[in-house]
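Q: Quick one: the structure is below, questions incoming.
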Amino acid sequence: MDISHMRRDFESEGLDREHLDDNPTKQFEQWFHDAKEAGILEPNAMSLATSDRDGHPNLRTVLLKYFDDQGFVFYTNYGSRKAQEIEENPNAALLFPWVGLNRQVIVQGHVEKVSKAESLRYFASRPRGSQIGAWVSEQSRVITSRGLLEQKVAEIKQRFSSGEVPLPSFWGGYRVVPQRIEFWQGRPSRLHDRFEYVRQDDGWLIQRLQP
């Protein structure tokens with residue numbers, strides 16, 4: 001199928017250096033707020049790119065759960081494919097594709113586990129069904145039928161029928177600590193505005209990139 005004719009011009013306000021915050025976290029916070037206000041579906045959905053020790057890439061969509069000057073945090077099973085790849089190569093990239101606003105943000109950095117206290121705090125805030133699900137799934141492992149998964153759900157529900165669901169030892173958070181963040185604003189004729197923040201010592205070098 002030839003889809004080379006599919007295109008649209010990006011009609012949007014430009015992005016200038018004087019309008020950027022010196023702190024990329026604050027700049028991201030502003031754009032994230034804009035995405036929520038614009039009604040972007042799942043504005044915290046981000047593509048997470050990892051690779052194994054041999055450099056074979058992998059990509060999936062996960063949900064950002066919180067962010068601050070330390071980095072961008074998501075949660076997963078520590079036995080999952082993404083977790084295994086992070087163990088082998090603790091570098092990753094994130095992409096926030098806010099297409100409805102003609103914007104995207106790219107984050108590149110190294111990955112570290114969050115503290116158990118952080119994981120416990122977030123896990124306790126999850127709906128009970130999601131807590132049960134974390135215990136049930138051996139994420140990324142082969143399973144022969146949906147029925148087996150549902151059987152495990154029933155078993156875990158019975159196991160924790162009285163009281164709170166505890167944090168599994170094999171489940172928790174990762175933080176992507178940014179070394180580079182790019183803010184991309186679509187412009188007409190593919191002459192987009194791109195600015196990157198590159199970490200330097202205790203600060204950030206901000207520079208415009210060609211489209």
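Every chain in the structure tokens has a letter given in the order shown (A, B, ...), and although residue numbers restart at 1 in each chain, ligands are simply numbered from 1 in the order shown.
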Please, which residues of stretch 38-202 of chain A, numbered as in this document, come out alpha helix (DSSP H) from DSSP, as number ranges by chain?
A: A: 81-88, 116-125, 128-136, 146-159
Q: Per residue of stretch 15-125 of chain A within 6 Å of stretch 165-187 of chain A, note the shortest atom pair and the distance in Å to one decimal, counting only C-alpha atoms, and order the rows by chain and increasing residue number, as a Markdown table.
A:
```
| residue | atom | partner | partner_atom | distance |
| --- | --- | --- | --- | --- |
| A:Gly71 | CA | A:Val177 | CA | 4.5 |
| A:Phe72 | CA | A:Val176 | CA | 5.2 |
| A:Val73 | CA | A:Arg175 | CA | 4.4 |
| A:Phe74 | CA | A:Gly173 | CA | 5.5 |
| A:Tyr75 | CA | A:Gly173 | CA | 4.1 |
| A:Thr76 | CA | A:Gly172 | CA | 5.8 |
| A:Asn77 | CA | A:Trp171 | CA | 4.4 |
| A:Tyr78 | CA | A:Phe170 | CA | 5.2 |
| A:Asn102 | CA | A:Gly186 | CA | 5.0 |
| A:Arg103 | CA | A:Gln185 | CA | 4.8 |
| A:Gln104 | CA | A:Trp184 | CA | 5.2 |
| A:Val105 | CA | A:Phe183 | CA | 4.8 |
| A:Ile106 | CA | A:Glu182 | CA | 5.1 |
| A:Val107 | CA | A:Ile181 | CA | 4.5 |
| A:Gln108 | CA | A:Arg180 | CA | 5.2 |
| A:Gly109 | CA | A:Pro178 | CA | 4.2 |
| A:His110 | CA | A:Val177 | CA | 5.4 |
| A:Val111 | CA | A:Val176 | CA | 4.5 |
| A:Glu112 | CA | A:Arg175 | CA | 5.3 |
| A:Lys113 | CA | A:Tyr174 | CA | 4.3 |
| A:Val114 | CA | A:Gly173 | CA | 5.3 |
| A:Ser119 | CA | A:Gly172 | CA | 5.1 |
```
Q: Near A:Asn23, within 9 Å and counting only C-alpha atoms, which residues show up once chain neighbours fewer than 5 positions away are dropped, as a ChimeraX atom specification?
A: /A:28,69,197,203-204
Q: Go ahead and write the selection's residues with all heavy atoms as a CSV table (one decimal), in the first residue's frame.
A:
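Listing of out-v4.csv after writing:
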```csv
chain,number,residue,atom,x,y,z
A,28,PHE,N,8.7,20.9,30.7
A,28,PHE,CA,7.9,19.7,30.5
A,28,PHE,C,6.5,19.8,31.2
A,28,PHE,O,5.5,19.5,30.7
A,28,PHE,CB,8.6,18.5,31.0
A,28,PHE,CG,7.8,17.2,30.8
A,28,PHE,CD1,7.9,16.5,29.6
A,28,PHE,CD2,7.1,16.7,31.8
A,28,PHE,CE1,7.1,15.4,29.4
A,28,PHE,CE2,6.3,15.5,31.6
A,28,PHE,CZ,6.4,14.9,30.4
A,69,ASP,N,12.6,17.0,39.2
A,69,ASP,CA,13.9,17.3,38.7
A,69,ASP,C,14.8,16.0,38.7
A,69,ASP,O,15.9,16.0,38.1
A,69,ASP,CB,14.6,18.4,39.6
A,69,ASP,CG,14.0,19.8,39.3
A,69,ASP,OD1,13.5,19.9,38.2
A,69,ASP,OD2,14.0,20.6,40.2
A,197,TYR,N,17.9,20.3,25.6
A,197,TYR,CA,18.5,20.6,26.9
A,197,TYR,C,19.5,19.4,27.1
A,197,TYR,O,19.1,18.2,27.2
A,197,TYR,CB,17.6,20.6,28.1
A,197,TYR,CG,16.5,21.7,28.1
A,197,TYR,CD1,15.5,21.8,27.1
A,197,TYR,CD2,16.6,22.7,29.1
A,197,TYR,CE1,14.6,22.8,27.2
A,197,TYR,CE2,15.6,23.7,29.1
A,197,TYR,CZ,14.6,23.7,28.2
A,197,TYR,OH,13.7,24.7,28.2
A,203,GLY,N,23.9,22.1,35.6
A,203,GLY,CA,23.0,22.9,34.8
A,203,GLY,C,22.7,22.2,33.5
A,203,GLY,O,22.9,21.0,33.2
A,204,TRP,N,22.1,23.0,32.6
A,204,TRP,CA,21.7,22.5,31.3
A,204,TRP,C,22.1,23.5,30.2
A,204,TRP,O,22.0,24.7,30.3
A,204,TRP,CB,20.1,22.4,31.2
A,204,TRP,CG,19.6,21.4,32.2
A,204,TRP,CD1,19.2,21.6,33.5
A,204,TRP,CD2,19.4,20.0,31.9
A,204,TRP,NE1,18.7,20.5,34.0
A,204,TRP,CE2,18.8,19.5,33.1
A,204,TRP,CE3,19.5,19.2,30.8
A,204,TRP,CZ2,18.5,18.1,33.2
A,204,TRP,CZ3,19.2,17.9,30.9
A,204,TRP,CH2,18.7,17.4,32.0
```
Q: Residues at most 10 Å from stretch 49-61 of chain A, counting only C-alpha atoms, excluding those fewer than 5 positions away in the same chain, as a CSV table (one decimal) with C-alpha atoms, in the first residue's frame?
A:
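Listed below is the output, selection.csv:
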```
chain,number,residue,atom,x,y,z
A,81,ARG,CA,11.4,-8.1,29.3
A,82,LYS,CA,11.9,-4.3,29.7
A,83,ALA,CA,13.3,-4.9,33.2
A,84,GLN,CA,15.8,-7.5,31.9
A,85,GLU,CA,16.9,-5.2,29.2
A,86,ILE,CA,17.4,-2.3,31.7
A,87,GLU,CA,19.5,-4.7,33.9
A,88,GLU,CA,21.7,-5.4,30.9
A,89,ASN,CA,21.8,-1.9,29.5
A,90,PRO,CA,20.6,0.8,32.0
A,91,ASN,CA,20.1,3.4,29.3
A,92,ALA,CA,16.7,4.3,27.8
A,93,ALA,CA,14.7,6.8,25.8
A,94,LEU,CA,11.1,8.1,26.3
A,95,LEU,CA,8.9,9.7,23.7
A,96,PHE,CA,5.7,11.7,24.5
A,108,GLN,CA,17.3,10.2,27.0
A,111,VAL,CA,17.7,4.2,34.4
```
Q: Tell me, in Å to one decimal, how far atom CA of A:Trp98 is from atom CA of A:His19.
A: 19.1 Å
Q: Could you please determine the separation between atom CA of A:Leu64 and atom CA of A:Gln200 in Å, to one decimal place?
A: 24.9 Å
Q: Closest to A:Thr25 among A:Tyr122, A:Asp68, A:Asp2, A:Ala38, using only C-alpha atoms?
A: A:Asp68
Q: For stretch 134-142 of chain A, work out the shell of residues within 6 Å, counting only C-alpha atoms and skipping chain neighbours fewer than 5 positions away, then give it as number ranges by chain.
A: A: 80-81, 152-153
Q: Can you spit out the residues from that selection as a JSON list (two decimals), in the first residue's frame, using C-alpha atoms?
A:
```json
[["chain", "number", "residue", "atom", "x", "y", "z"],
["A", 80, "SER", "CA", 9.56, -8.34, 32.54],
["A", 81, "ARG", "CA", 11.43, -8.06, 29.27],
["A", 152, "LYS", "CA", -4.53, -17.20, 38.87],
["A", 153, "VAL", "CA", -6.64, -14.10, 39.47]]
```
